[in-house]
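Asks: Supplied structure: protein_16.cif, mmCIF, C-alpha atoms and all ligand atoms; chains and numbers go by the auth columns.
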```
data_input
#
loop_
_atom_site.group_PDB
_atom_site.id
_atom_site.type_symbol
_atom_site.label_atom_id
_atom_site.label_comp_id
_atom_site.label_asym_id
_atom_site.label_seq_id
_atom_site.Cartn_x
_atom_site.Cartn_y
_atom_site.Cartn_z
_atom_site.B_iso_or_equiv
_atom_site.auth_seq_id
_atom_site.auth_asym_id
ATOM 1 C CA MET A 1 -17.949 17.354 26.170 0.00 764 A
ATOM 2 C CA LYS A 2 -14.222 17.105 25.409 0.00 765 A
ATOM 3 C CA ILE A 3 -12.891 14.382 23.143 0.00 766 A
ATOM 4 C CA VAL A 4 -9.238 13.553 22.517 0.00 767 A
ATOM 5 C CA ILE A 5 -8.369 12.014 19.167 0.00 768 A
ATOM 6 C CA GLY A 6 -5.160 10.417 17.921 0.00 769 A
ATOM 7 C CA ASN A 7 -4.093 8.329 14.957 0.00 770 A
ATOM 8 C CA ASP A 8 -1.090 6.881 13.182 0.00 771 A
ATOM 9 C CA HIS A 9 -0.163 7.582 9.546 0.00 772 A
ATOM 10 C CA ALA A 10 -2.832 5.104 8.322 0.00 773 A
ATOM 11 C CA GLY A 11 -5.606 7.181 9.854 0.00 774 A
ATOM 12 C CA VAL A 12 -4.889 10.820 8.946 0.00 775 A
ATOM 13 C CA GLU A 13 -7.639 11.355 6.386 0.00 776 A
ATOM 14 C CA PHE A 14 -10.136 9.273 8.364 0.00 777 A
ATOM 15 C CA LYS A 15 -9.329 11.272 11.522 0.00 778 A
ATOM 16 C CA ASN A 16 -9.740 14.599 9.708 0.00 779 A
ATOM 17 C CA LYS A 17 -13.224 13.675 8.469 0.00 780 A
ATOM 18 C CA ILE A 18 -14.360 12.551 11.914 0.00 781 A
ATOM 19 C CA MET A 19 -12.770 15.526 13.648 0.00 782 A
ATOM 20 C CA GLN A 20 -14.368 18.051 11.270 0.00 783 A
ATOM 21 C CA ALA A 21 -17.793 16.437 11.632 0.00 784 A
ATOM 22 C CA LEU A 22 -17.582 16.421 15.428 0.00 785 A
ATOM 23 C CA ARG A 23 -16.339 20.034 15.581 0.00 786 A
ATOM 24 C CA SER A 24 -19.199 21.142 13.313 0.00 787 A
ATOM 25 C CA LYS A 25 -21.575 19.583 15.855 0.00 788 A
ATOM 26 C CA GLY A 26 -20.034 21.612 18.668 0.00 789 A
ATOM 27 C CA TYR A 27 -17.792 19.035 20.335 0.00 790 A
ATOM 28 C CA GLU A 28 -14.460 20.240 21.685 0.00 791 A
ATOM 29 C CA ILE A 29 -11.706 18.124 20.135 0.00 792 A
ATOM 30 C CA ILE A 30 -8.102 17.808 21.286 0.00 793 A
ATOM 31 C CA ASN A 31 -6.047 16.467 18.375 0.00 794 A
ATOM 32 C CA VAL A 32 -2.777 14.801 19.379 0.00 795 A
ATOM 33 C CA GLY A 33 -1.907 13.878 15.775 0.00 796 A
ATOM 34 C CA THR A 34 -0.311 12.614 13.715 0.00 797 A
ATOM 35 C CA ASP A 35 -1.213 14.992 10.911 0.00 798 A
ATOM 36 C CA THR A 36 1.224 13.866 8.225 0.00 799 A
ATOM 37 C CA LEU A 37 1.695 10.643 6.282 0.00 800 A
ATOM 38 C CA ASP A 38 5.168 10.120 7.766 0.00 801 A
ATOM 39 C CA SER A 39 5.286 6.782 9.539 0.00 802 A
ATOM 40 C CA VAL A 40 4.761 6.880 13.324 0.00 803 A
ATOM 41 C CA ASP A 41 4.394 4.136 15.953 0.00 804 A
ATOM 42 C CA TYR A 42 0.806 3.656 17.111 0.00 805 A
ATOM 43 C CA PRO A 43 1.772 2.800 20.752 0.00 806 A
ATOM 44 C CA ASP A 44 3.074 6.381 21.127 0.00 807 A
ATOM 45 C CA ILE A 45 -0.274 7.767 19.978 0.00 808 A
ATOM 46 C CA ALA A 46 -2.207 5.363 22.215 0.00 809 A
ATOM 47 C CA LYS A 47 -0.156 6.631 25.168 0.00 810 A
ATOM 48 C CA GLU A 48 -0.801 10.318 24.401 0.00 811 A
ATOM 49 C CA VAL A 49 -4.569 9.860 24.115 0.00 812 A
ATOM 50 C CA SER A 50 -4.705 7.594 27.188 0.00 813 A
ATOM 51 C CA LYS A 51 -2.788 10.135 29.311 0.00 814 A
ATOM 52 C CA LYS A 52 -5.449 12.767 28.593 0.00 815 A
ATOM 53 C CA ILE A 53 -8.207 10.372 29.665 0.00 816 A
ATOM 54 C CA ILE A 54 -6.414 9.333 32.856 0.00 817 A
ATOM 55 C CA ASN A 55 -5.666 13.003 33.711 0.00 818 A
ATOM 56 C CA LYS A 56 -9.334 13.864 33.057 0.00 819 A
ATOM 57 C CA GLU A 57 -8.441 16.386 30.352 0.00 820 A
ATOM 58 C CA ALA A 58 -11.045 14.716 28.118 0.00 821 A
ATOM 59 C CA ASN A 59 -14.207 12.675 28.642 0.00 822 A
ATOM 60 C CA PHE A 60 -13.609 10.186 25.834 0.00 823 A
ATOM 61 C CA GLY A 61 -10.849 9.181 23.443 0.00 824 A
ATOM 62 C CA ILE A 62 -10.808 8.129 19.812 0.00 825 A
ATOM 63 C CA LEU A 63 -7.871 6.085 18.493 0.00 826 A
ATOM 64 C CA ILE A 64 -7.393 5.280 14.823 0.00 827 A
ATOM 65 C CA CYS A 65 -4.860 3.087 13.060 0.00 828 A
ATOM 66 C CA GLY A 66 -5.098 0.892 9.958 0.00 829 A
ATOM 67 C CA THR A 67 -7.143 -1.837 11.612 0.00 830 A
ATOM 68 C CA GLY A 68 -7.683 -0.351 15.076 0.00 831 A
ATOM 69 C CA ILE A 69 -6.092 -3.507 16.478 0.00 832 A
ATOM 70 C CA GLY A 70 -2.570 -2.389 17.365 0.00 833 A
ATOM 71 C CA ILE A 71 -3.626 0.920 18.838 0.00 834 A
ATOM 72 C CA SER A 72 -6.344 -0.679 20.998 0.00 835 A
ATOM 73 C CA ILE A 73 -3.958 -3.386 22.254 0.00 836 A
ATOM 74 C CA ALA A 74 -1.467 -0.663 23.222 0.00 837 A
ATOM 75 C CA ALA A 75 -4.045 1.525 24.979 0.00 838 A
ATOM 76 C CA ASN A 76 -5.416 -1.400 26.973 0.00 839 A
ATOM 77 C CA LYS A 77 -2.001 -1.890 28.614 0.00 840 A
ATOM 78 C CA ILE A 78 -2.523 1.380 30.470 0.00 841 A
ATOM 79 C CA ASN A 79 -4.258 1.202 33.870 0.00 842 A
ATOM 80 C CA GLY A 80 -7.719 2.726 33.787 0.00 843 A
ATOM 81 C CA ILE A 81 -8.078 2.542 30.017 0.00 844 A
ATOM 82 C CA ARG A 82 -10.825 0.468 28.473 0.00 845 A
ATOM 83 C CA ALA A 83 -10.371 0.803 24.733 0.00 846 A
ATOM 84 C CA ALA A 84 -13.003 -0.873 22.571 0.00 847 A
ATOM 85 C CA LEU A 85 -12.287 -1.805 18.979 0.00 848 A
ATOM 86 C CA CYS A 86 -15.630 -1.211 17.273 0.00 849 A
ATOM 87 C CA HIS A 87 -16.817 -2.170 13.820 0.00 850 A
ATOM 88 C CA ASN A 88 -20.418 -1.033 13.878 0.00 851 A
ATOM 89 C CA GLU A 89 -22.918 0.930 15.939 0.00 852 A
ATOM 90 C CA TYR A 90 -23.921 -2.193 17.878 0.00 853 A
ATOM 91 C CA THR A 91 -20.408 -2.814 19.217 0.00 854 A
ATOM 92 C CA ALA A 92 -19.972 0.914 19.889 0.00 855 A
ATOM 93 C CA LYS A 93 -23.206 0.979 21.918 0.00 856 A
ATOM 94 C CA LEU A 94 -22.474 -2.198 23.882 0.00 857 A
ATOM 95 C CA SER A 95 -18.925 -1.090 24.652 0.00 858 A
ATOM 96 C CA ARG A 96 -20.435 1.814 26.588 0.00 859 A
ATOM 97 C CA LEU A 97 -23.502 0.079 28.037 0.00 860 A
ATOM 98 C CA HIS A 98 -21.670 -2.988 29.360 0.00 861 A
ATOM 99 C CA ASN A 99 -17.937 -2.197 29.397 0.00 862 A
ATOM 100 C CA ASP A 100 -17.857 1.509 30.265 0.00 863 A
ATOM 101 C CA ALA A 101 -15.233 1.900 27.539 0.00 864 A
ATOM 102 C CA ASN A 102 -13.480 5.262 27.669 0.00 865 A
ATOM 103 C CA ILE A 103 -11.787 5.009 24.268 0.00 866 A
ATOM 104 C CA ILE A 104 -13.199 3.881 20.941 0.00 867 A
ATOM 105 C CA ALA A 105 -10.679 2.387 18.512 0.00 868 A
ATOM 106 C CA LEU A 106 -11.407 2.351 14.797 0.00 869 A
ATOM 107 C CA GLY A 107 -9.716 0.880 11.744 0.00 870 A
ATOM 108 C CA ALA A 108 -9.299 3.426 8.971 0.00 871 A
ATOM 109 C CA ARG A 109 -8.616 0.616 6.481 0.00 872 A
ATOM 110 C CA VAL A 110 -11.639 -1.335 7.675 0.00 873 A
ATOM 111 C CA LEU A 111 -14.509 1.122 8.023 0.00 874 A
ATOM 112 C CA GLY A 112 -15.879 3.841 5.794 0.00 875 A
ATOM 113 C CA GLU A 113 -15.745 7.329 7.295 0.00 876 A
ATOM 114 C CA ASP A 114 -19.539 7.598 7.609 0.00 877 A
ATOM 115 C CA LEU A 115 -19.713 4.360 9.579 0.00 878 A
ATOM 116 C CA GLY A 116 -16.760 5.474 11.691 0.00 879 A
ATOM 117 C CA LEU A 117 -18.561 8.694 12.558 0.00 880 A
ATOM 118 C CA ALA A 118 -21.775 6.819 13.345 0.00 881 A
ATOM 119 C CA CYS A 119 -19.803 4.541 15.699 0.00 882 A
ATOM 120 C CA VAL A 120 -18.262 7.555 17.461 0.00 883 A
ATOM 121 C CA GLU A 121 -21.594 9.351 17.879 0.00 884 A
ATOM 122 C CA THR A 122 -23.230 6.220 19.276 0.00 885 A
ATOM 123 C CA PHE A 123 -20.272 5.712 21.610 0.00 886 A
ATOM 124 C CA ILE A 124 -20.197 9.213 23.096 0.00 887 A
ATOM 125 C CA ASN A 125 -23.989 9.394 23.468 0.00 888 A
ATOM 126 C CA THR A 126 -24.462 6.089 25.308 0.00 889 A
ATOM 127 C CA GLU A 127 -24.367 5.912 29.113 0.00 890 A
ATOM 128 C CA PHE A 128 -22.826 3.030 31.065 0.00 891 A
ATOM 129 C CA GLU A 129 -25.583 0.786 32.428 0.00 892 A
ATOM 130 C CA GLY A 130 -23.837 0.024 35.744 0.00 893 A
ATOM 131 C CA GLY A 131 -25.389 -2.695 37.936 0.00 894 A
ATOM 132 C CA ARG A 132 -23.902 -6.136 37.274 0.00 895 A
ATOM 133 C CA HIS A 133 -21.665 -4.582 34.639 0.00 896 A
ATOM 134 C CA ALA A 134 -20.048 -2.315 37.230 0.00 897 A
ATOM 135 C CA ARG A 135 -18.963 -5.408 39.194 0.00 898 A
ATOM 136 C CA ARG A 136 -17.345 -6.864 36.080 0.00 899 A
ATOM 137 C CA VAL A 137 -15.631 -3.625 35.097 0.00 900 A
ATOM 138 C CA GLY A 138 -14.412 -3.388 38.709 0.00 901 A
ATOM 139 C CA LYS A 139 -12.794 -6.815 38.353 0.00 902 A
ATOM 140 C CA ILE A 140 -10.999 -5.658 35.204 0.00 903 A
ATOM 141 C CA GLU A 141 -9.677 -2.644 37.101 0.00 904 A
ATOM 142 C CA GLN A 142 -8.389 -4.876 39.941 0.00 905 A
HETATM 143 C C1 LIG B . 0.475 0.583 9.959 0.00 1001 A
HETATM 144 O O1 LIG B . 0.857 0.158 8.698 0.00 1001 A
HETATM 145 C C2 LIG B . -0.459 -0.461 10.589 0.00 1001 A
HETATM 146 O O2 LIG B . 0.268 -1.570 10.968 0.00 1001 A
HETATM 147 C C3 LIG B . -1.200 0.154 11.762 0.00 1001 A
HETATM 148 O O3 LIG B . -1.895 1.271 11.335 0.00 1001 A
HETATM 149 C C4 LIG B . -2.213 -0.733 12.461 0.00 1001 A
HETATM 150 O O4 LIG B . -3.135 -1.251 11.542 0.00 1001 A
HETATM 151 C C5 LIG B . -1.707 -1.720 13.396 0.00 1001 A
HETATM 152 O O5 LIG B . -2.464 -2.453 14.085 0.00 1001 A
#
```
I need this file expressed as structure tokens, please.
Ligand code: RB5

Replies:
Amino acid sequence: MKIVIGNDHAGVEFKNKIMQALRSKGYEIINVGTDTLDSVDYPDIAKEVSKKIINKEANFGILICGTGIGISIAANKINGIRAALCHNEYTAKLSRLHNDANIIALGARVLGEDLGLACVETFINTEFEGGRHARRVGKIEQ
């Protein structure tokens, strides 16, 4: 499974912890940055990660900013992206089961790194339920 990850300056350390943990478990990670504390604009990062999902270069995306709010709002402007801002394993699981989310957004200033990683692992290991949820996701796409 390939995962693309991107973050603004608020999420560098948080991203590194999650990326290292996922790599140590054998996941292939594409890191689109940023990797310094210099200020960047989260919509640019949201676009880079979203492009890789739309072009099928990765199965799932992870977006990190201070709260996860700005970067998820930006990603959700892009056709075909369903970015879910998750705060716990329950929301991470339901975002896959019911919403077929293809990006998980996390707030580096909101969650601890262990909880962030738990959210990501739940997210990437949960299948979309389909059925009535597929009809609803289809309406979002229209
Ligand atoms: C950057 O300071 C901060 O505004 C950003 O990381 C994010 O939290 C925006 O939603």

Asks: Could you check which of A:Ser787, A:Ala897, A:Arg859, A:Gly843 is closest to Lys819 (chain A), using all atoms listed in the file?

Replies: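 Going through A:Ser787, A:Ala897, A:Arg859, A:Gly843 one by one, the smallest distance to Lys819 (chain A) is for A:Gly843.
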
Asks: Go through the chains and note each residue within 12 Å of ligand LIG 1001 (chain A), using all atoms listed in the file, then give the set as a PyMOL selection string.

Replies: chain A and resi 769-775+777+797+800-806+808-809+826-838+848+868-873

Asks: To one decimal place, how far is CA of Phe886 (chain A) from CA of Asn779 (chain A) in Å?

Replies: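 Calculated distance between CA of Phe886 (chain A) and CA of Asn779 (chain A) is 18.2 Å.
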
Asks: Which one is closest to Asn862 (chain A): A:Ile887, A:Val900, A:Leu880, A:Ile841? Count only C-alpha atoms.

Replies: A:Val900

Asks: Tell me which residues the PyMOL selection byres (((chain A and resi 849) around 8) and not hetatm) grabs here, as a ChimeraX atom specification.

Replies: /A:847-848,850-852,854-855,867-869,882

Asks: Rank A:Asp798, A:Asp807, A:Glu876, A:Glu890 by their smallest atom-to-atom distance to Leu857 (chain A), using all atoms listed in the file, and report the top residue only.

Replies: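 Closest residue, counting all atoms listed in the file: A:Glu890.
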
Asks: What is the CA of Met764 (chain A) to CA of Lys902 (chain A) distance in Å?

Replies: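 So the two atoms, CA of Met764 (chain A) and CA of Lys902 (chain A), lie 27.6 Å apart.
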
Asks: Provide the CA of Ile768 (chain A) to CA of Asn842 (chain A) distance in Å, to one decimal place.

Replies: 18.7 Å

Asks: Between A:Gln905, A:Thr889, A:Lys810, A:Ile825, which residue has the minimum interatomic distance to Lys840 (chain A), considering only C-alpha atoms?

Replies: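 Ranked by minimum distance to Lys840 (chain A), first place goes to A:Lys810.
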
Asks: Do you know which residues the PyMOL selection byres (((chain A and resi 821) around 10) and not hetatm) returns on this file, as a count of residues only?

Replies: 21

Asks: Determine the nearest neighbour of Asn839 (chain A) from the options A:Thr885, A:Ala864, A:Gln783, A:Leu878, counting all atoms listed in the file.

Replies: A:Ala864

Asks: With distances taken over only C-alpha atoms, which of A:Thr799, A:Asn888, A:Asn794, A:Ser858 is nearest to Glu776 (chain A)?

Replies: A:Thr799
